[in-house]
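Colleague: Below you'll find structure-v2.pdb; it's PDB, C-alpha atoms.
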ATOM      1  CA  MET A1144      18.559 -12.037   3.801
ATOM      2  CA  ILE A1145      15.659 -14.449   3.344
ATOM      3  CA  LEU A1146      13.103 -11.881   4.495
ATOM      4  CA  ASP A1147      14.603  -9.203   2.246
ATOM      5  CA  SER A1148      14.379 -11.579  -0.707
ATOM      6  CA  ALA A1149      10.748 -12.280   0.106
ATOM      7  CA  ALA A1150      10.041  -8.543   0.204
ATOM      8  CA  GLU A1151      11.667  -8.073  -3.210
ATOM      9  CA  LEU A1152       9.574 -10.854  -4.750
ATOM     10  CA  ILE A1153       6.354  -9.513  -3.223
ATOM     11  CA  ALA A1154       7.071  -6.011  -4.534
ATOM     12  CA  GLU A1155       7.876  -7.307  -8.024
ATOM     13  CA  LYS A1156       5.365 -10.134  -8.515
ATOM     14  CA  GLY A1157       2.858 -10.093  -5.665
ATOM     15  CA  THR A1158       2.027 -13.122  -3.539
ATOM     16  CA  ALA A1159       0.016 -15.321  -5.927
ATOM     17  CA  GLU A1160       2.897 -17.652  -6.838
ATOM     18  CA  LEU A1161       4.964 -17.142  -3.711
ATOM     19  CA  SER A1162       6.410 -20.195  -1.936
ATOM     20  CA  LEU A1163       9.280 -21.066   0.379
ATOM     21  CA  GLU A1164      11.010 -22.678  -2.592
ATOM     22  CA  SER A1165      10.734 -19.598  -4.817
ATOM     23  CA  ILE A1166      11.975 -17.356  -2.009
ATOM     24  CA  GLY A1167      14.864 -19.734  -1.316
ATOM     25  CA  GLN A1168      15.879 -19.725  -4.985
ATOM     26  CA  HIS A1169      15.759 -15.933  -5.085
ATOM     27  CA  ALA A1170      17.875 -15.727  -1.918
ATOM     28  CA  GLU A1171      20.172 -18.534  -3.153
ATOM     29  CA  VAL A1172      19.431 -20.540  -0.019
ATOM     30  CA  SER A1173      18.847 -24.294   0.069
ATOM     31  CA  LYS A1174      15.388 -25.738   0.707
ATOM     32  CA  THR A1175      16.692 -27.453   3.852
ATOM     33  CA  LEU A1176      17.936 -24.168   5.273
ATOM     34  CA  MET A1177      14.654 -22.448   4.429
ATOM     35  CA  TYR A1178      12.685 -24.963   6.487
ATOM     36  CA  ARG A1179      15.198 -24.708   9.302
ATOM     37  CA  TYR A1180      14.345 -21.018   9.707
ATOM     38  CA  PHE A1181      10.664 -21.096   8.766
ATOM     39  CA  GLY A1182       8.201 -23.924   9.244
ATOM     40  CA  SER A1183       5.793 -22.529   6.663
ATOM     41  CA  LEU A1184       5.256 -19.697   4.232
ATOM     42  CA  ILE A1185       2.726 -18.113   6.619
ATOM     43  CA  GLU A1186       5.329 -18.016   9.391
ATOM     44  CA  LEU A1187       7.807 -16.331   7.047
ATOM     45  CA  LEU A1188       5.289 -13.724   5.874
ATOM     46  CA  ARG A1189       4.223 -12.893   9.426
ATOM     47  CA  ASP A1190       7.876 -12.399  10.382
ATOM     48  CA  LEU A1191       8.328 -10.186   7.332
ATOM     49  CA  LEU A1192       5.317  -8.070   8.281
ATOM     50  CA  ASP A1193       6.686  -7.667  11.817
ATOM     51  CA  GLN A1194      10.046  -6.656  10.353
ATOM     52  CA  GLU A1195       8.404  -4.012   8.151
ATOM     53  CA  PHE A1196       6.482  -2.598  11.119
ATOM     54  CA  LYS A1197       9.644  -2.569  13.256
ATOM     55  CA  HIS A1198      11.628  -0.724  10.600
ATOM     56  CA  LEU A1199       8.822   1.808  10.229
ATOM     57  CA  ARG A1200       8.552   2.465  13.980
ATOM     58  CA  ASP A1201      12.349   2.761  14.318
ATOM     59  CA  THR A1202      12.394   5.230  11.424
ATOM     60  CA  GLN A1203       9.757   7.352  13.141
ATOM     61  CA  LEU A1204      11.631   7.203  16.448
ATOM     62  CA  GLN A1205      14.777   8.521  14.794
ATOM     63  CA  ALA A1206      12.759  11.291  13.129
ATOM     64  CA  SER A1207      11.444  12.422  16.529
ATOM     65  CA  LYS A1208      14.902  13.114  17.943
ATOM     66  CA  GLY A1209      16.503  16.554  18.037
ATOM     67  CA  VAL A1210      13.308  18.532  17.385
ATOM     68  CA  GLU A1211      12.563  21.836  19.101
ATOM     69  CA  THR A1212       8.874  22.498  18.440
ATOM     70  CA  TYR A1213       5.708  20.416  18.615
ATOM     71  CA  GLU A1214       4.974  21.153  14.947
ATOM     72  CA  GLU A1215       8.444  19.923  13.985
ATOM     73  CA  LEU A1216       7.907  16.728  15.966
ATOM     74  CA  VAL A1217       4.551  15.995  14.321
ATOM     75  CA  ARG A1218       5.859  16.859  10.862
ATOM     76  CA  ASN A1219       9.047  14.805  11.126
ATOM     77  CA  VAL A1220       7.228  11.707  12.377
ATOM     78  CA  THR A1221       4.470  12.092   9.770
ATOM     79  CA  LYS A1222       7.017  12.627   6.993
ATOM     80  CA  ALA A1223       8.933   9.516   8.038
ATOM     81  CA  TYR A1224       5.727   7.468   8.052
ATOM     82  CA  LEU A1225       4.533   8.629   4.628
ATOM     83  CA  ARG A1226       7.951   8.215   3.034
ATOM     84  CA  TYR A1227       8.156   4.668   4.327
ATOM     85  CA  ILE A1228       4.632   3.874   3.130
ATOM     86  CA  GLU A1229       5.412   5.407  -0.261
ATOM     87  CA  ASP A1230       8.488   3.165  -0.569
ATOM     88  CA  ARG A1231       7.286  -0.002   1.191
ATOM     89  CA  GLY A1232       3.527   0.375   1.492
ATOM     90  CA  LEU A1233       2.829  -1.961  -1.417
ATOM     91  CA  ILE A1234       4.671  -4.773   0.375
ATOM     92  CA  ILE A1235       2.739  -4.164   3.613
ATOM     93  CA  GLU A1236      -0.568  -3.976   1.762
ATOM     94  CA  ARG A1237       0.055  -7.246  -0.100
ATOM     95  CA  LEU A1238       1.154  -8.991   3.090
ATOM     96  CA  GLN A1239      -1.976  -7.858   4.925
ATOM     97  CA  ALA A1240      -4.144  -9.135   2.070
ATOM     98  CA  TYR A1241      -2.577 -12.604   2.118
ATOM     99  CA  PRO A1242      -4.819 -15.432   3.465
ATOM    100  CA  ASN A1243      -4.329 -16.096   7.193
ATOM    101  CA  ILE A1244      -2.624 -12.727   7.517
ATOM    102  CA  ALA A1245      -5.642 -10.738   6.349
ATOM    103  CA  GLY A1246      -7.001  -8.408   8.990
ATOM    104  CA  ALA A1247      -3.582  -7.907  10.532
ATOM    105  CA  GLN A1248      -2.990  -4.702  12.440
ATOM    106  CA  ASP A1249      -2.164  -1.526  10.580
ATOM    107  CA  PRO A1250       1.398  -0.185  10.963
ATOM    108  CA  THR A1251       0.465   2.336  13.663
ATOM    109  CA  HIS A1252      -0.554  -0.465  16.054
ATOM    110  CA  PHE A1253       2.945  -1.952  16.244
ATOM    111  CA  ARG A1254       4.522  -1.122  19.647
ATOM    112  CA  ARG A1255       1.730   1.417  20.011
ATOM    113  CA  GLU A1256       1.486   1.752  23.806
ATOM    114  CA  PRO A1257       4.980   3.202  24.473
ATOM    115  CA  ALA A1258       4.635   5.496  21.440
ATOM    116  CA  VAL A1259       1.248   6.795  22.641
ATOM    117  CA  GLN A1260       2.641   7.308  26.152
ATOM    118  CA  TYR A1261       5.591   9.283  24.769
ATOM    119  CA  PHE A1262       3.452  11.582  22.611
ATOM    120  CA  ALA A1263       0.760  11.976  25.272
ATOM    121  CA  GLU A1264       3.294  13.134  27.860
ATOM    122  CA  LEU A1265       4.760  15.670  25.421
ATOM    123  CA  THR A1266       1.282  16.911  24.496
ATOM    124  CA  SER A1267       0.228  17.192  28.132
ATOM    125  CA  GLU A1268       3.339  19.134  29.133
ATOM    126  CA  THR A1269       3.442  21.371  26.061
ATOM    127  CA  PHE A1270      -0.223  22.393  25.999
ATOM    128  CA  GLY A1271      -1.183  22.033  29.663
ATOM    129  CA  ILE A1272      -3.716  19.303  28.942
ATOM    130  CA  SER A1273      -4.477  16.555  31.464
ATOM    131  CA  MET A1274      -2.844  13.193  30.741
ATOM    132  CA  GLU A1275      -6.249  11.576  30.418
ATOM    133  CA  ILE A1276      -7.282  13.940  27.627
ATOM    134  CA  ALA A1277      -3.809  13.962  26.051
ATOM    135  CA  THR A1278      -3.746  10.149  25.932
ATOM    136  CA  ALA A1279      -7.208   9.945  24.354
ATOM    137  CA  SER A1280      -6.415  12.577  21.722
ATOM    138  CA  THR A1281      -3.074  10.923  20.938
ATOM    139  CA  GLU A1282      -4.711   7.507  20.513
ATOM    140  CA  ILE A1283      -7.240   8.996  18.101
ATOM    141  CA  SER A1284      -4.691  11.037  16.162
ATOM    142  CA  PHE A1285      -2.533   7.923  15.634
ATOM    143  CA  GLY A1286      -5.123   6.777  13.118
ATOM    144  CA  LEU A1287      -4.546   9.807  10.870
ATOM    145  CA  PRO A1288      -1.142   8.799   9.427
ATOM    146  CA  ALA A1289      -2.487   5.309   8.652
ATOM    147  CA  ALA A1290      -5.449   6.813   6.775
ATOM    148  CA  ALA A1291      -3.114   9.259   5.039
ATOM    149  CA  GLY A1292      -0.796   6.407   4.015
ATOM    150  CA  GLN A1293      -3.670   4.417   2.521
ATOM    151  CA  TYR A1294      -4.865   7.478   0.634
ATOM    152  CA  LEU A1295      -1.333   8.147  -0.641
ATOM    153  CA  ILE A1296      -1.002   4.629  -2.066
ATOM    154  CA  LYS A1297      -4.456   4.446  -3.645
ATOM    155  CA  SER A1298      -4.748   7.997  -4.975
ATOM    156  CA  GLY A1299      -1.207   8.651  -6.128
ATOM    157  CA  ALA A1300      -1.529  12.135  -4.626
ATOM    158  CA  ASP A1301       1.453  14.369  -3.995
ATOM    159  CA  ARG A1302       3.124  13.186  -0.781
ATOM    160  CA  GLN A1303       3.937  16.703   0.407
ATOM    161  CA  THR A1304       0.299  17.721   0.084
ATOM    162  CA  VAL A1305      -0.863  14.666   2.021
ATOM    163  CA  GLU A1306       1.790  15.373   4.667
ATOM    164  CA  ASP A1307       0.683  19.006   5.051
ATOM    165  CA  ILE A1308      -2.973  18.014   5.414
ATOM    166  CA  THR A1309      -2.189  15.307   7.980
ATOM    167  CA  VAL A1310       0.027  17.594  10.081
ATOM    168  CA  ALA A1311      -2.614  20.341   9.994
ATOM    169  CA  MET A1312      -5.313  17.899  11.153
ATOM    170  CA  ILE A1313      -3.179  16.571  14.021
ATOM    171  CA  LEU A1314      -2.165  20.046  15.220
ATOM    172  CA  GLY A1315      -5.695  21.354  14.778
ATOM    173  CA  GLY A1316      -7.030  18.490  16.865
ATOM    174  CA  VAL A1317      -4.664  19.231  19.747
ATOM    175  CA  ILE A1318      -5.477  22.938  19.680
ATOM    176  CA  GLY A1319      -9.178  22.146  19.467
ATOM    177  CA  VAL A1320      -8.981  19.882  22.520
ATOM    178  CA  LYS A1321      -7.086  22.513  24.513
ATOM    179  CA  TYR A1322      -9.557  25.313  23.795
ATOM    180  CA  ASP A1323     -12.736  23.269  23.551
ATOM    181  CA  ALA A1324     -14.135  24.337  26.926
ATOM    182  CA  LEU A1325     -13.465  28.011  26.192
ATOM    183  CA  GLY A1326     -14.886  27.778  22.686
ATOM    184  CA  ALA A1327     -18.027  25.986  23.828
ATOM    185  CA  LYS A1328     -18.826  28.638  26.453
ATOM    186  CA  GLN A1329     -17.767  31.697  24.479
ATOM    187  CA  LYS A1330     -20.780  33.864  23.630
ATOM    188  CA  LEU A1331     -21.281  34.741  20.001
ATOM    189  CA  LYS A1332     -20.457  38.295  18.981
ATOM    190  CA  TRP A1333     -22.552  39.193  15.996
ATOM    191  CA  PRO A1334     -21.089  41.686  13.507
ATOM    192  CA  SER A1335     -22.998  44.958  13.121
ATOM    193  CA  SER A1336     -24.085  44.025   9.599
ATOM    194  CA  ALA A1337     -25.741  40.851  10.888
ATOM    195  CA  LYS A1338     -27.521  42.833  13.637
ATOM    196  CA  SER A1339     -28.884  45.379  11.151
ATOM    197  CA  GLN A1340     -30.098  42.615   8.822
ATOM    198  CA  SER A1341     -31.844  40.948  11.739
ATOM    199  CA  SER A1342     -33.546  44.231  12.741
ATOM    200  CA  GLU A1343     -34.683  44.919   9.179
ATOM    201  CA  GLY A1344     -36.097  41.416   8.969
ATOM    202  CA  LYS A1345     -38.144  41.936  12.113
ATOM    203  CA  LYS A1346     -39.467  45.301  10.863
ATOM    204  CA  LYS A1347     -40.434  43.771   7.530
ATOM    205  CA  GLY A1348     -42.190  40.962   9.317
ATOM    206  CA  ARG A1349     -44.287  43.407  11.345
ATOM    207  CA  LYS A1350     -45.260  45.376   8.210
ATOM    208  CA  ASP A1351     -46.293  42.216   6.358
ATOM    209  CA  SER A1352     -48.449  41.114   9.256
TER     210      SER A1352
END
When written as structure tokens, how does the structure in this file appear?
Modeller:
Amino acid sequence: MILDSAAELIAEKGTAELSLESIGQHAEVSKTLMYRYFGSLIELLRDLLDQEFKHLRDTQLQASKGVETYEELVRNVTKAYLRYIEDRGLIIERLQAYPNIAGAQDPTHFRREPAVQYFAELTSETFGISMEIATASTEISFGLPAAAGQYLIKSGADRQTVEDITVAMILGGVIGVKYDALGAKQKLKWPSSAKSQSSEGKKKGRKDS
């Protein structure tokens, strides 16, 4: 209840005049009880940030259940992330900007290792990619939703558009990794028009000389 009250105040008024006393008054909790739970405002705000990250990760976990395709998995998890950031991103952003909390991890770093392991195993099995490559690509792709969330907040862009772009980039990255070796070694096949232009250019060069 105290943390929820703090979140409401931060969303409404920011953090400039925030204090344990003001949060306690908003939550209708005595000053004594406030200090029993939290030794300082910094401790409270760090707990609130952890709570926001936990709620976000749990929301994504629920969104990943019951899917049948890889695209559906990526889209559901991305949608859950962007919706949460659209609703609660201002609170997270203001908490991260608060002194002594500044530089805190972005939301995708919270409980990251088990999440990366889960997605890497699915990617490896689905696309026949080694776990080493799947883990590396998953780690890198985890940064895309965070960047998309920041863009969504600052630009005011349409969330569906941002979601579509993010999903396309994640899926494109996986497909690119899978076929990279083939694509790198595949010989170019020039269209006939390009060949004829090249031949005409050579003939013209000989005439000019």
Colleague: Contacts of Leu1216 in chain A at 9 Å or less, counting only C-alpha atoms, minus same-chain residues fewer than 6 places along, as a list in words?
Modeller: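 Skipping anything fewer than 6 positions along the chain leaves Ala1206, Ser1207, Lys1208, Gly1209 and Val1210 of chain A.
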Colleague: For the selection just defined, write its residues with C-alpha atoms to a file, as an mmCIF file, in the coordinates of the input.
Modeller:
data_model
loop_
_atom_site.group_PDB
_atom_site.id
_atom_site.type_symbol
_atom_site.label_atom_id
_atom_site.label_comp_id
_atom_site.auth_asym_id
_atom_site.auth_seq_id
_atom_site.Cartn_x
_atom_site.Cartn_y
_atom_site.Cartn_z
ATOM 1 C CA ALA A 1206 12.759 11.291 13.129
ATOM 2 C CA SER A 1207 11.444 12.422 16.529
ATOM 3 C CA LYS A 1208 14.902 13.114 17.943
ATOM 4 C CA GLY A 1209 16.503 16.554 18.037
ATOM 5 C CA VAL A 1210 13.308 18.532 17.385
#
Colleague: Mind telling me what the PyMOL selection byres ((chain A and resi 1256-1268) around 12) catches here, as an MDAnalysis selection string?
Modeller: chainID A and resid 1200:1201 1203:1204 1207 1211:1214 1216:1217 1220 1251:1255 1269:1286 1313:1314 1316:1318 1320:1321
Colleague: Hey, what's within 7 Å of Ile1166 in chain A if we count only C-alpha atoms and toss same-chain stuff fewer than 4 positions away? As a list in words, please?
Modeller: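 The filter keeps Ser1148, Ala1149, Ser1162 and Ala1170 of chain A.
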Colleague: Mind working out the centre and edge lengths of an axis-aligned box for range 1229-1238 of chain A, all listed atoms inside, 3 Å added to each side, rounded to one decimal in Å and written as JSON?
Modeller:
{"center_x": 4.0, "center_y": -1.8, "center_z": 1.1, "size_x": 15.1, "size_y": 20.4, "size_z": 11.0}
Colleague: Using CA of Tyr1294 in chain A and CA of Pro1250 in chain A as the two end points, give the distance in Å to one decimal.
Modeller: 14.3 Å
Colleague: Report, in Å to a single decimal, how far apart CA of Glu1306 in chain A and CA of Tyr1227 in chain A are.
Modeller: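 Computing it gives 12.5 Å between the two atoms.
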Colleague: So which one's closest to Glu1151 in chain A, A:Leu1191, A:Ala1311, A:Ala1289, A:Leu1225? Using only C-alpha atoms, please.
Modeller: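 Looking only at the distances to Glu1151 in chain A, the closest residue turns out to be A:Leu1191.
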Colleague: Excluding same-chain residues fewer than 3 positions from Leu1184 in chain A, what lies within 7 Å of it counting only C-alpha atoms, as a list in words?
Modeller: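 So, after excluding close chain neighbours, the residues are Ser1162, Leu1163, Leu1187 and Leu1188 of chain A.
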